[in-house]
>>> print(open('target-v2.pdb').read())   # PDB, C-alpha atoms
ATOM      1  CA  MET A 142       3.171  66.860 167.912
ATOM      2  CA  ASN A 143       1.850  64.971 170.925
ATOM      3  CA  TRP A 144       3.883  63.592 173.803
ATOM      4  CA  GLN A 145       3.728  60.019 172.617
ATOM      5  CA  GLU A 146       5.205  61.021 169.301
ATOM      6  CA  PHE A 147       7.856  63.073 171.056
ATOM      7  CA  PHE A 148       8.991  60.173 173.264
ATOM      8  CA  ALA A 149       8.993  57.771 170.314
ATOM      9  CA  MET A 150      11.722  59.845 168.589
ATOM     10  CA  GLY A 151      10.721  58.468 165.210
ATOM     11  CA  GLY A 152      11.512  54.938 166.324
ATOM     12  CA  TYR A 153      14.919  55.775 167.784
ATOM     13  CA  ALA A 154      13.657  56.239 171.356
ATOM     14  CA  PHE A 155      16.065  53.691 172.883
ATOM     15  CA  TYR A 156      19.197  55.231 171.324
ATOM     16  CA  VAL A 157      18.237  58.861 171.908
ATOM     17  CA  TRP A 158      16.908  58.559 175.467
ATOM     18  CA  THR A 159      19.713  56.266 176.606
ATOM     19  CA  SER A 160      22.201  58.897 175.406
ATOM     20  CA  TYR A 161      20.453  61.757 177.194
ATOM     21  CA  GLY A 162      19.790  59.734 180.338
ATOM     22  CA  LEU A 163      23.380  58.580 180.605
ATOM     23  CA  ALA A 164      24.642  62.134 180.121
ATOM     24  CA  LEU A 165      22.350  63.345 182.905
ATOM     25  CA  VAL A 166      23.532  60.662 185.338
ATOM     26  CA  ILE A 167      27.225  61.186 184.592
ATOM     27  CA  LEU A 168      27.055  64.984 184.776
ATOM     28  CA  LEU A 169      25.113  64.869 188.043
ATOM     29  CA  ALA A 170      27.606  62.443 189.558
ATOM     30  CA  ASN A 171      30.471  64.844 188.770
ATOM     31  CA  ILE A 172      28.776  67.546 190.867
ATOM     32  CA  ILE A 173      27.267  65.491 193.677
ATOM     33  CA  LEU A 174      30.183  63.169 194.488
ATOM     34  CA  PRO A 175      32.737  65.916 195.284
ATOM     35  CA  ILE A 176      30.156  67.744 197.443
ATOM     36  CA  LEU A 177      29.392  64.559 199.405
ATOM     37  CA  GLN A 178      33.118  63.835 199.793
ATOM     38  CA  ARG A 179      33.707  67.362 201.077
ATOM     39  CA  LYS A 180      30.858  67.165 203.605
ATOM     40  CA  LYS A 181      32.137  63.803 204.842
ATOM     41  CA  PHE A 182      35.677  65.120 205.128
ATOM     42  CA  ILE A 183      34.574  68.231 207.049
ATOM     43  CA  ARG A 184      32.557  66.054 209.452
ATOM     44  CA  GLU A 185      35.553  63.813 210.112
ATOM     45  CA  LEU A 186      37.893  66.762 210.543
ATOM     46  CA  MET A 187      35.608  68.433 213.084
ATOM     47  CA  LEU A 188      35.235  65.171 214.972
ATOM     48  CA  ARG A 189      39.017  64.811 215.106
ATOM     49  CA  ASN A 190      39.439  68.401 216.329
ATOM     50  CA  ARG A 191      36.859  67.902 219.064
ATOM     51  CA  ARG A 192      38.575  64.754 220.273
ATOM     52  CA  ARG A 193      41.884  66.564 220.403
ATOM     53  CA  GLU A 194      40.385  69.360 222.499
ATOM     54  CA  GLN A 195      39.032  66.961 225.121
TER      55      GLN A 195
ATOM     56  CA  MET B  74      63.811  92.306 180.119
ATOM     57  CA  PHE B  75      60.096  92.451 180.467
ATOM     58  CA  LEU B  76      58.097  93.892 183.288
ATOM     59  CA  ILE B  77      54.968  92.284 184.630
ATOM     60  CA  PRO B  78      52.404  94.822 185.836
ATOM     61  CA  ASP B  79      51.897  94.939 189.582
ATOM     62  CA  ALA B  80      48.211  94.124 189.324
ATOM     63  CA  VAL B  81      48.970  90.904 187.432
ATOM     64  CA  VAL B  82      51.495  89.804 190.044
ATOM     65  CA  ARG B  83      49.000  90.493 192.806
ATOM     66  CA  LEU B  84      46.252  88.596 190.971
ATOM     67  CA  TYR B  85      48.607  85.655 190.496
ATOM     68  CA  HIS B  86      49.485  85.512 194.176
ATOM     69  CA  ARG B  87      45.858  85.800 195.212
ATOM     70  CA  MET B  88      44.733  83.123 192.793
ATOM     71  CA  ALA B  89      47.534  80.903 194.028
ATOM     72  CA  SER B  90      46.413  81.263 197.641
ATOM     73  CA  PRO B  91      44.298  78.257 198.724
ATOM     74  CA  PRO B  92      42.003  80.081 201.225
ATOM     75  CA  HIS B  93      41.335  82.801 198.660
ATOM     76  CA  PHE B  94      40.554  80.224 195.975
ATOM     77  CA  TYR B  95      38.277  78.310 198.346
ATOM     78  CA  ARG B  96      36.323  81.443 199.234
ATOM     79  CA  ILE B  97      36.041  82.874 195.711
ATOM     80  CA  SER B  98      35.111  79.550 194.101
ATOM     81  CA  GLY B  99      32.324  79.110 196.653
ATOM     82  CA  ARG B 100      30.900  82.451 195.538
ATOM     83  CA  ILE B 101      31.293  81.834 191.795
ATOM     84  CA  ILE B 102      29.709  78.350 191.670
ATOM     85  CA  PRO B 103      26.072  79.484 192.191
ATOM     86  CA  TRP B 104      26.297  82.001 189.312
ATOM     87  CA  LEU B 105      27.889  79.450 187.019
ATOM     88  CA  SER B 106      25.133  77.014 187.961
ATOM     89  CA  TYR B 107      22.346  79.471 187.022
ATOM     90  CA  GLY B 108      24.002  80.073 183.659
ATOM     91  CA  PHE B 109      24.463  76.367 183.090
ATOM     92  CA  LEU B 110      20.863  75.449 183.925
ATOM     93  CA  LEU B 111      19.484  78.218 181.710
ATOM     94  CA  LEU B 112      21.606  77.198 178.719
ATOM     95  CA  LEU B 113      20.927  73.507 179.324
ATOM     96  CA  ALA B 114      17.161  74.071 179.462
ATOM     97  CA  TYR B 115      17.185  76.022 176.211
ATOM     98  CA  GLY B 116      19.635  73.627 174.557
ATOM     99  CA  LEU B 117      17.477  70.602 175.391
ATOM    100  CA  TYR B 118      14.278  72.337 174.290
ATOM    101  CA  ALA B 119      15.816  73.488 171.018
ATOM    102  CA  GLY B 120      17.675  70.244 170.352
ATOM    103  CA  LEU B 121      14.895  67.803 171.180
ATOM    104  CA  TYR B 122      11.861  69.831 170.088
ATOM    105  CA  LEU B 123      12.562  72.912 167.951
ATOM    106  CA  ALA B 124      15.187  71.431 165.640
ATOM    107  CA  PRO B 125      13.642  69.653 162.648
ATOM    108  CA  THR B 126      13.942  65.927 162.011
ATOM    109  CA  ASP B 127      16.865  65.054 159.732
ATOM    110  CA  TYR B 128      15.872  63.971 156.233
ATOM    111  CA  GLN B 129      18.379  61.093 156.272
ATOM    112  CA  GLN B 130      18.885  60.106 159.897
ATOM    113  CA  GLY B 131      15.416  60.808 161.282
ATOM    114  CA  ASP B 132      15.388  61.681 164.978
ATOM    115  CA  SER B 133      18.459  59.546 165.770
ATOM    116  CA  TYR B 134      20.660  62.522 164.834
ATOM    117  CA  ARG B 135      19.513  64.296 168.039
ATOM    118  CA  ILE B 136      22.217  62.314 169.818
ATOM    119  CA  ILE B 137      24.545  64.893 168.247
ATOM    120  CA  TYR B 138      23.598  67.375 170.996
ATOM    121  CA  ILE B 139      25.214  65.126 173.602
ATOM    122  CA  HIS B 140      27.812  63.377 171.457
ATOM    123  CA  VAL B 141      29.573  66.310 169.807
ATOM    124  CA  PRO B 142      29.755  68.627 172.858
ATOM    125  CA  SER B 143      31.060  65.668 174.918
ATOM    126  CA  ALA B 144      33.711  64.911 172.313
ATOM    127  CA  TRP B 145      34.759  68.572 172.162
ATOM    128  CA  MET B 146      34.907  68.666 175.968
ATOM    129  CA  SER B 147      37.032  65.508 176.099
ATOM    130  CA  LEU B 148      39.709  67.465 174.179
ATOM    131  CA  PHE B 149      39.135  70.821 175.906
ATOM    132  CA  VAL B 150      39.404  69.344 179.409
ATOM    133  CA  TYR B 151      42.561  67.470 178.431
ATOM    134  CA  ILE B 152      44.169  70.699 177.240
ATOM    135  CA  MET B 153      43.121  72.443 180.478
ATOM    136  CA  MET B 154      44.603  69.549 182.454
ATOM    137  CA  ALA B 155      47.877  69.647 180.509
ATOM    138  CA  VAL B 156      48.210  73.440 180.824
ATOM    139  CA  ALA B 157      47.602  73.209 184.579
ATOM    140  CA  GLY B 158      50.187  70.403 184.638
ATOM    141  CA  ALA B 159      52.751  72.574 182.847
ATOM    142  CA  ILE B 160      52.137  75.440 185.292
ATOM    143  CA  ALA B 161      52.463  72.992 188.198
ATOM    144  CA  LEU B 162      55.768  71.676 186.848
ATOM    145  CA  ILE B 163      57.310  75.071 186.034
ATOM    146  CA  TRP B 164      56.147  77.196 188.976
ATOM    147  CA  ARG B 165      55.355  74.432 191.472
ATOM    148  CA  MET B 166      52.011  76.071 192.040
ATOM    149  CA  LYS B 167      49.903  73.932 194.382
ATOM    150  CA  LEU B 168      46.634  75.247 193.031
ATOM    151  CA  ALA B 169      47.591  74.264 189.473
ATOM    152  CA  GLU B 170      48.204  70.724 190.738
ATOM    153  CA  VAL B 171      44.724  70.706 192.264
ATOM    154  CA  VAL B 172      43.102  72.059 189.075
ATOM    155  CA  MET B 173      44.996  69.464 187.036
ATOM    156  CA  ILE B 174      43.925  66.455 189.073
ATOM    157  CA  SER B 175      40.373  67.770 189.539
ATOM    158  CA  SER B 176      39.960  67.968 185.764
ATOM    159  CA  ALA B 177      40.830  64.300 185.169
ATOM    160  CA  PRO B 178      37.562  62.612 186.287
ATOM    161  CA  ILE B 179      35.497  65.199 184.393
ATOM    162  CA  GLY B 180      37.542  64.650 181.244
ATOM    163  CA  ALA B 181      37.210  60.894 181.643
ATOM    164  CA  SER B 182      33.435  61.315 182.025
ATOM    165  CA  PHE B 183      33.129  63.352 178.827
ATOM    166  CA  THR B 184      35.343  60.923 176.912
ATOM    167  CA  PHE B 185      33.253  57.994 178.122
ATOM    168  CA  LEU B 186      30.053  59.845 177.160
ATOM    169  CA  ALA B 187      31.427  60.654 173.701
ATOM    170  CA  LEU B 188      32.311  56.987 173.147
ATOM    171  CA  VAL B 189      29.043  55.547 174.446
ATOM    172  CA  THR B 190      26.749  58.052 172.708
ATOM    173  CA  GLY B 191      28.791  57.523 169.544
ATOM    174  CA  SER B 192      28.121  53.827 169.895
ATOM    175  CA  LEU B 193      24.414  54.460 170.450
ATOM    176  CA  TRP B 194      24.353  56.596 167.330
ATOM    177  CA  GLY B 195      26.512  54.226 165.316
ATOM    178  CA  LYS B 196      24.305  51.190 165.873
ATOM    179  CA  PRO B 197      21.200  52.505 164.053
ATOM    180  CA  MET B 198      23.153  54.541 161.450
ATOM    181  CA  TRP B 199      26.262  52.490 160.658
ATOM    182  CA  GLY B 200      24.821  49.154 161.735
ATOM    183  CA  THR B 201      27.571  48.566 164.282
ATOM    184  CA  TRP B 202      28.322  49.573 167.880
ATOM    185  CA  TRP B 203      32.044  49.849 167.283
ATOM    186  CA  VAL B 204      34.720  49.848 164.588
ATOM    187  CA  TRP B 205      38.472  50.099 165.093
ATOM    188  CA  ASP B 206      38.797  53.206 162.989
ATOM    189  CA  ALA B 207      41.229  56.042 163.702
ATOM    190  CA  ARG B 208      38.783  58.462 165.328
ATOM    191  CA  LEU B 209      37.233  55.905 167.662
ATOM    192  CA  THR B 210      40.537  54.277 168.581
ATOM    193  CA  SER B 211      42.332  57.549 169.358
ATOM    194  CA  GLU B 212      39.366  58.651 171.501
ATOM    195  CA  LEU B 213      39.551  55.352 173.386
ATOM    196  CA  ILE B 214      43.266  55.988 173.999
ATOM    197  CA  LEU B 215      42.260  59.377 175.435
ATOM    198  CA  LEU B 216      40.013  57.588 177.934
ATOM    199  CA  PHE B 217      42.933  55.374 178.945
ATOM    200  CA  LEU B 218      45.138  58.469 179.364
ATOM    201  CA  TYR B 219      42.586  60.013 181.730
ATOM    202  CA  LEU B 220      42.286  56.763 183.670
ATOM    203  CA  GLY B 221      46.095  56.528 183.775
ATOM    204  CA  VAL B 222      46.272  60.028 185.263
ATOM    205  CA  ILE B 223      43.691  59.160 187.940
ATOM    206  CA  GLY B 224      45.386  55.823 188.725
ATOM    207  CA  LEU B 225      48.885  57.259 188.903
ATOM    208  CA  TYR B 226      47.775  60.065 191.205
ATOM    209  CA  GLY B 227      46.105  57.576 193.527
ATOM    210  CA  ALA B 228      49.092  55.228 193.548
ATOM    211  CA  ILE B 229      51.613  57.745 194.941
ATOM    212  CA  ASP B 230      51.034  58.739 198.566
ATOM    213  CA  ASP B 231      52.887  62.043 198.560
ATOM    214  CA  LYS B 232      50.528  64.248 196.566
ATOM    215  CA  ARG B 233      53.210  66.727 195.501
ATOM    216  CA  THR B 234      55.301  63.916 193.997
ATOM    217  CA  ALA B 235      52.147  62.367 192.543
ATOM    218  CA  SER B 236      51.278  65.697 190.909
ATOM    219  CA  ARG B 237      54.670  65.957 189.223
ATOM    220  CA  ALA B 238      54.365  62.423 187.837
ATOM    221  CA  VAL B 239      50.823  63.075 186.633
ATOM    222  CA  ALA B 240      51.805  66.404 185.026
ATOM    223  CA  ILE B 241      54.507  64.653 182.978
ATOM    224  CA  LEU B 242      52.093  61.904 181.911
ATOM    225  CA  ALA B 243      49.456  64.496 180.966
ATOM    226  CA  LEU B 244      51.975  66.500 178.922
ATOM    227  CA  VAL B 245      53.246  63.442 177.047
ATOM    228  CA  GLY B 246      49.637  62.487 176.270
ATOM    229  CA  VAL B 247      49.043  65.839 174.536
ATOM    230  CA  VAL B 248      50.450  64.124 171.416
ATOM    231  CA  ASN B 249      47.129  62.301 171.149
ATOM    232  CA  ILE B 250      45.051  65.496 170.892
ATOM    233  CA  PRO B 251      45.934  66.532 167.296
ATOM    234  CA  ILE B 252      45.748  62.860 166.303
ATOM    235  CA  ILE B 253      42.118  62.733 167.463
ATOM    236  CA  HIS B 254      41.267  66.028 165.806
ATOM    237  CA  TYR B 255      42.814  65.254 162.416
ATOM    238  CA  SER B 256      42.105  61.502 162.414
ATOM    239  CA  VAL B 257      39.076  61.937 160.151
ATOM    240  CA  GLU B 258      41.207  63.794 157.604
ATOM    241  CA  TRP B 259      44.414  61.761 157.801
ATOM    242  CA  TRP B 260      42.751  58.387 157.534
ATOM    243  CA  ASN B 261      39.779  57.275 155.516
ATOM    244  CA  THR B 262      37.387  56.371 158.286
ATOM    245  CA  LEU B 263      33.811  55.373 158.877
ATOM    246  CA  HIS B 264      33.424  58.368 161.173
ATOM    247  CA  GLN B 265      32.287  61.410 159.213
ATOM    248  CA  GLY B 266      34.561  64.375 158.597
ATOM    249  CA  PRO B 267      34.252  67.731 160.325
ATOM    250  CA  THR B 268      30.994  69.522 159.569
ATOM    251  CA  ILE B 269      31.184  72.389 162.025
ATOM    252  CA  THR B 270      34.809  73.357 162.605
ATOM    253  CA  LYS B 271      35.813  73.301 158.955
ATOM    254  CA  LEU B 272      36.644  76.616 157.336
ATOM    255  CA  GLY B 273      33.918  78.501 155.580
ATOM    256  CA  LYS B 274      30.303  77.494 155.772
ATOM    257  CA  PRO B 275      29.484  74.645 158.139
ATOM    258  CA  SER B 276      27.506  71.919 156.394
ATOM    259  CA  ILE B 277      24.734  71.879 158.979
ATOM    260  CA  ASP B 278      21.552  73.929 158.979
ATOM    261  CA  VAL B 279      21.334  76.869 161.399
ATOM    262  CA  SER B 280      18.242  75.440 163.114
ATOM    263  CA  MET B 281      20.304  72.342 163.973
ATOM    264  CA  LEU B 282      23.521  74.251 164.667
ATOM    265  CA  ILE B 283      22.196  76.665 167.310
ATOM    266  CA  PRO B 284      21.169  73.995 169.850
ATOM    267  CA  LEU B 285      24.561  72.357 169.312
ATOM    268  CA  LEU B 286      26.436  75.549 170.118
ATOM    269  CA  VAL B 287      24.197  76.233 173.136
ATOM    270  CA  MET B 288      24.805  72.727 174.479
ATOM    271  CA  ALA B 289      28.543  73.096 173.871
ATOM    272  CA  LEU B 290      28.590  76.358 175.836
ATOM    273  CA  ALA B 291      26.554  74.735 178.635
ATOM    274  CA  PHE B 292      29.044  71.847 178.801
ATOM    275  CA  HIS B 293      31.975  74.284 179.052
ATOM    276  CA  ILE B 294      30.339  76.028 182.000
ATOM    277  CA  PHE B 295      29.589  72.628 183.483
ATOM    278  CA  TYR B 296      33.277  71.768 183.373
ATOM    279  CA  PHE B 297      34.138  74.832 185.451
ATOM    280  CA  ILE B 298      31.412  74.063 188.013
ATOM    281  CA  ALA B 299      32.452  70.418 188.403
ATOM    282  CA  MET B 300      36.161  71.259 188.400
ATOM    283  CA  LEU B 301      35.737  73.913 191.101
ATOM    284  CA  GLN B 302      33.626  71.539 193.217
ATOM    285  CA  LYS B 303      36.245  68.831 192.944
ATOM    286  CA  ALA B 304      39.101  71.299 193.502
ATOM    287  CA  ARG B 305      37.509  72.634 196.705
ATOM    288  CA  THR B 306      37.309  69.112 198.110
ATOM    289  CA  GLU B 307      40.830  68.230 196.982
ATOM    290  CA  LEU B 308      42.194  71.465 198.451
ATOM    291  CA  LEU B 309      40.608  70.857 201.864
ATOM    292  CA  VAL B 310      41.997  67.323 202.026
ATOM    293  CA  ARG B 311      45.477  68.421 200.993
ATOM    294  CA  GLU B 312      45.565  71.438 203.320
ATOM    295  CA  ARG B 313      43.854  69.775 206.283
ATOM    296  CA  ASN B 314      46.700  70.786 208.635
ATOM    297  CA  ALA B 315      46.873  74.386 207.425
ATOM    298  CA  GLN B 316      45.682  77.212 209.609
ATOM    299  CA  TRP B 317      43.047  78.488 207.184
ATOM    300  CA  VAL B 318      41.297  75.100 207.267
ATOM    301  CA  ALA B 319      41.305  75.171 211.075
ATOM    302  CA  GLN B 320      39.773  78.656 210.972
ATOM    303  CA  LEU B 321      37.181  77.518 208.456
ATOM    304  CA  MET B 322      36.217  74.630 210.755
ATOM    305  CA  GLU B 323      35.672  77.047 213.654
ATOM    306  CA  VAL B 324      33.252  79.073 211.559
ATOM    307  CA  GLU B 325      31.298  75.988 210.439
TER     308      GLU B 325
END
>>> encode(input="target-v2.pdb", output="structure tokens")
Amino acid sequence: MNWQEFFAMGGYAFYVWTSYGLALVILLANIILPILQRKKFIRELMLRNRRREQ
Amino acid sequence: MFLIPDAVVRLYHRMASPPHFYRISGRIIPWLSYGFLLLLAYGLYAGLYLAPTDYQQGDSYRIIYIHVPSAWMSLFVYIMMAVAGAIALIWRMKLAEVVMISSAPIGASFTFLALVTGSLWGKPMWGTWWVWDARLTSELILLFLYLGVIGLYGAIDDKRTASRAVAILALVGVVNIPIIHYSVEWWNTLHQGPTITKLGKPSIDVSMLIPLLVMALAFHIFYFIAMLQKARTELLVRERNAQWVAQLMEVE
């Protein structure tokens, strides 16, 4: 089986790859968003602490 | 009377301690991630390449490796959320509240994925994106339950009060779980009946079943990674005035 055949998915490429692509995006978002939120929160908290010390 | 062993009591208190949870979860996440990536890589390889083409559905059936694990997870995460909610209500355990609310967006994601991939599978096979049959409708209600949990939690400022309200909503919504599971048996629907969880021999070939089970296991591990990530963030925000957070900030 060559790559072209593999990506064609027997004519169902749109349905199959949209499913897998969407899953990838949604799963990634569930990991990345909380990490970004945490980093942002820690930054803000440290900024607040520094201001209080001055 | 029953006696709880000392070790269990100690474990409970340690698990219930936010700084301990924050530290331990930070150490566990990398290992879970290695396991997840390994299983995912094999699951994708086996599901998209090794597994044979279906004699009826062609290659469109490969959506099963996303659709079915997502649907299973939509129920599993809901049960986890409801159990955490019950623990939060009975023992007022802060960490259970955090686990409960951290599970909601992940459960909503899996439910959404199950619905959309089902739609993408339904179009070429059934000839329609959507039908109002029992399985699809009860799964859509599950999505609304998750969104209700997230909305309710956000609407109440005091997070302890919000958690109690959410826990009650989550527990009431448990009614929907057996309805989803048995919907394909109770009602005559377009959605096919169970092929894997039915007693006896599953009506799916082993070469197609293995990638499904691997993907399902990968998705379970994924839930714990995402839940712990979310819980760590939620815990920091909630405990921002606690001493352990101040100490953590000094180290950073």
>>> atom_distance(input="target-v2.pdb", atom1="CA of Gln265 (chain B)", atom2="CA of Tyr122 (chain B)")
24.6 Å
>>> atom_distance(input="target-v2.pdb", atom1="CA of Ile173 (chain A)", atom2="CA of Gln316 (chain B)")
27.0 Å
>>> resolve_selection(input="target-v2.pdb", expression="the PyMOL selection byres ((chain B and resi 308-310) around 9)", output="count of residues only")
17
>>> closest_residue(input="target-v2.pdb", among="A:Ala170, A:Leu177, A:Val157, A:Met150", to="Ile179 (chain B)", atoms="all atoms listed in the file")
A:Ala170
>>> residues_around(input="target-v2.pdb", residues="Phe148 (chain A)", least_positions_apart="5", cutoff="12 Å", atoms="all atoms listed in the file", output="MDAnalysis selection string")
(chainID A and resid 142:143 153:159) or (chainID B and resid 121:122 132)
>>> interface_residues(input="target-v2.pdb", of="chain B", to="chain A", cutoff="10 Å", atoms="all atoms listed in the file", output="PyMOL selection string")
chain B and resi 117+121-122+126+130-140+143+175+178-179+182-183+185-187+189-197+292+295-296+298-310+313-314+318-319+321-323+325
>>> resolve_selection(input="target-v2.pdb", expression="the PyMOL selection byres ((chain B and resi 236-249) around 6)", output="VMD selection string")
chain B and resid 155 158 170 222 232 to 235 250 to 252
>>> residues_around(input="target-v2.pdb", residues="Gly108 (chain B)", least_positions_apart="5", cutoff="9 Å", atoms="only C-alpha atoms", output="ChimeraX atom specification")
/B:103,113,291,294
>>> build_atoms(input="target-v2.pdb", residues="region 221-246 of chain B", atoms="N, CA and C atoms", output="PDB file, in the frame of the given file")
ATOM      1  N   GLY B 221      44.705  56.633 183.341  1.00  0.00           N
ATOM      2  CA  GLY B 221      46.095  56.528 183.775  1.00  0.00           C
ATOM      3  C   GLY B 221      46.465  57.650 184.727  1.00  0.00           C
ATOM      4  N   VAL B 222      46.015  58.859 184.404  1.00  0.00           N
ATOM      5  CA  VAL B 222      46.272  60.028 185.263  1.00  0.00           C
ATOM      6  C   VAL B 222      45.655  59.804 186.640  1.00  0.00           C
ATOM      7  N   ILE B 223      44.390  59.363 186.665  1.00  0.00           N
ATOM      8  CA  ILE B 223      43.691  59.160 187.940  1.00  0.00           C
ATOM      9  C   ILE B 223      44.384  58.051 188.738  1.00  0.00           C
ATOM     10  N   GLY B 224      44.746  56.955 188.059  1.00  0.00           N
ATOM     11  CA  GLY B 224      45.386  55.823 188.725  1.00  0.00           C
ATOM     12  C   GLY B 224      46.751  56.174 189.285  1.00  0.00           C
ATOM     13  N   LEU B 225      47.532  56.886 188.478  1.00  0.00           N
ATOM     14  CA  LEU B 225      48.885  57.259 188.903  1.00  0.00           C
ATOM     15  C   LEU B 225      48.834  58.180 190.118  1.00  0.00           C
ATOM     16  N   TYR B 226      47.903  59.132 190.091  1.00  0.00           N
ATOM     17  CA  TYR B 226      47.775  60.065 191.205  1.00  0.00           C
ATOM     18  C   TYR B 226      47.403  59.319 192.493  1.00  0.00           C
ATOM     19  N   GLY B 227      46.533  58.335 192.350  1.00  0.00           N
ATOM     20  CA  GLY B 227      46.105  57.576 193.527  1.00  0.00           C
ATOM     21  C   GLY B 227      47.184  56.641 194.056  1.00  0.00           C
ATOM     22  N   ALA B 228      48.106  56.239 193.172  1.00  0.00           N
ATOM     23  CA  ALA B 228      49.092  55.228 193.548  1.00  0.00           C
ATOM     24  C   ALA B 228      50.258  55.815 194.344  1.00  0.00           C
ATOM     25  N   ILE B 229      50.482  57.122 194.232  1.00  0.00           N
ATOM     26  CA  ILE B 229      51.613  57.745 194.941  1.00  0.00           C
ATOM     27  C   ILE B 229      51.069  58.501 196.150  1.00  0.00           C
ATOM     28  N   ASP B 230      51.581  58.168 197.334  1.00  0.00           N
ATOM     29  CA  ASP B 230      51.034  58.739 198.566  1.00  0.00           C
ATOM     30  C   ASP B 230      51.312  60.236 198.700  1.00  0.00           C
ATOM     31  N   ASP B 231      52.565  60.624 198.445  1.00  0.00           N
ATOM     32  CA  ASP B 231      52.887  62.043 198.560  1.00  0.00           C
ATOM     33  C   ASP B 231      52.287  62.789 197.375  1.00  0.00           C
ATOM     34  N   LYS B 232      51.312  63.659 197.656  1.00  0.00           N
ATOM     35  CA  LYS B 232      50.528  64.248 196.566  1.00  0.00           C
ATOM     36  C   LYS B 232      51.320  65.248 195.731  1.00  0.00           C
ATOM     37  N   ARG B 233      52.388  65.807 196.298  1.00  0.00           N
ATOM     38  CA  ARG B 233      53.210  66.727 195.501  1.00  0.00           C
ATOM     39  C   ARG B 233      54.023  65.938 194.472  1.00  0.00           C
ATOM     40  N   THR B 234      54.585  64.802 194.926  1.00  0.00           N
ATOM     41  CA  THR B 234      55.301  63.916 193.997  1.00  0.00           C
ATOM     42  C   THR B 234      54.332  63.356 192.965  1.00  0.00           C
ATOM     43  N   ALA B 235      53.161  62.922 193.443  1.00  0.00           N
ATOM     44  CA  ALA B 235      52.147  62.367 192.543  1.00  0.00           C
ATOM     45  C   ALA B 235      51.785  63.381 191.456  1.00  0.00           C
ATOM     46  N   SER B 236      51.656  64.658 191.864  1.00  0.00           N
ATOM     47  CA  SER B 236      51.278  65.697 190.909  1.00  0.00           C
ATOM     48  C   SER B 236      52.328  65.875 189.828  1.00  0.00           C
ATOM     49  N   ARG B 237      53.602  65.797 190.226  1.00  0.00           N
ATOM     50  CA  ARG B 237      54.670  65.957 189.223  1.00  0.00           C
ATOM     51  C   ARG B 237      54.622  64.816 188.218  1.00  0.00           C
ATOM     52  N   ALA B 238      54.438  63.593 188.728  1.00  0.00           N
ATOM     53  CA  ALA B 238      54.365  62.423 187.837  1.00  0.00           C
ATOM     54  C   ALA B 238      53.179  62.551 186.885  1.00  0.00           C
ATOM     55  N   VAL B 239      52.037  62.941 187.444  1.00  0.00           N
ATOM     56  CA  VAL B 239      50.823  63.075 186.633  1.00  0.00           C
ATOM     57  C   VAL B 239      50.980  64.165 185.578  1.00  0.00           C
ATOM     58  N   ALA B 240      51.616  65.291 185.965  1.00  0.00           N
ATOM     59  CA  ALA B 240      51.805  66.404 185.026  1.00  0.00           C
ATOM     60  C   ALA B 240      52.627  65.947 183.826  1.00  0.00           C
ATOM     61  N   ILE B 241      53.661  65.145 184.082  1.00  0.00           N
ATOM     62  CA  ILE B 241      54.507  64.653 182.978  1.00  0.00           C
ATOM     63  C   ILE B 241      53.706  63.720 182.077  1.00  0.00           C
ATOM     64  N   LEU B 242      52.937  62.813 182.693  1.00  0.00           N
ATOM     65  CA  LEU B 242      52.093  61.904 181.911  1.00  0.00           C
ATOM     66  C   LEU B 242      51.094  62.693 181.060  1.00  0.00           C
ATOM     67  N   ALA B 243      50.460  63.692 181.680  1.00  0.00           N
ATOM     68  CA  ALA B 243      49.456  64.496 180.966  1.00  0.00           C
ATOM     69  C   ALA B 243      50.097  65.227 179.794  1.00  0.00           C
ATOM     70  N   LEU B 244      51.310  65.752 179.992  1.00  0.00           N
ATOM     71  CA  LEU B 244      51.975  66.500 178.922  1.00  0.00           C
ATOM     72  C   LEU B 244      52.393  65.581 177.772  1.00  0.00           C
ATOM     73  N   VAL B 245      52.876  64.396 178.098  1.00  0.00           N
ATOM     74  CA  VAL B 245      53.246  63.442 177.047  1.00  0.00           C
ATOM     75  C   VAL B 245      52.005  63.066 176.228  1.00  0.00           C
ATOM     76  N   GLY B 246      50.879  62.904 176.926  1.00  0.00           N
ATOM     77  CA  GLY B 246      49.637  62.487 176.270  1.00  0.00           C
ATOM     78  C   GLY B 246      49.056  63.524 175.336  1.00  0.00           C
TER      79      GLY B 246
END
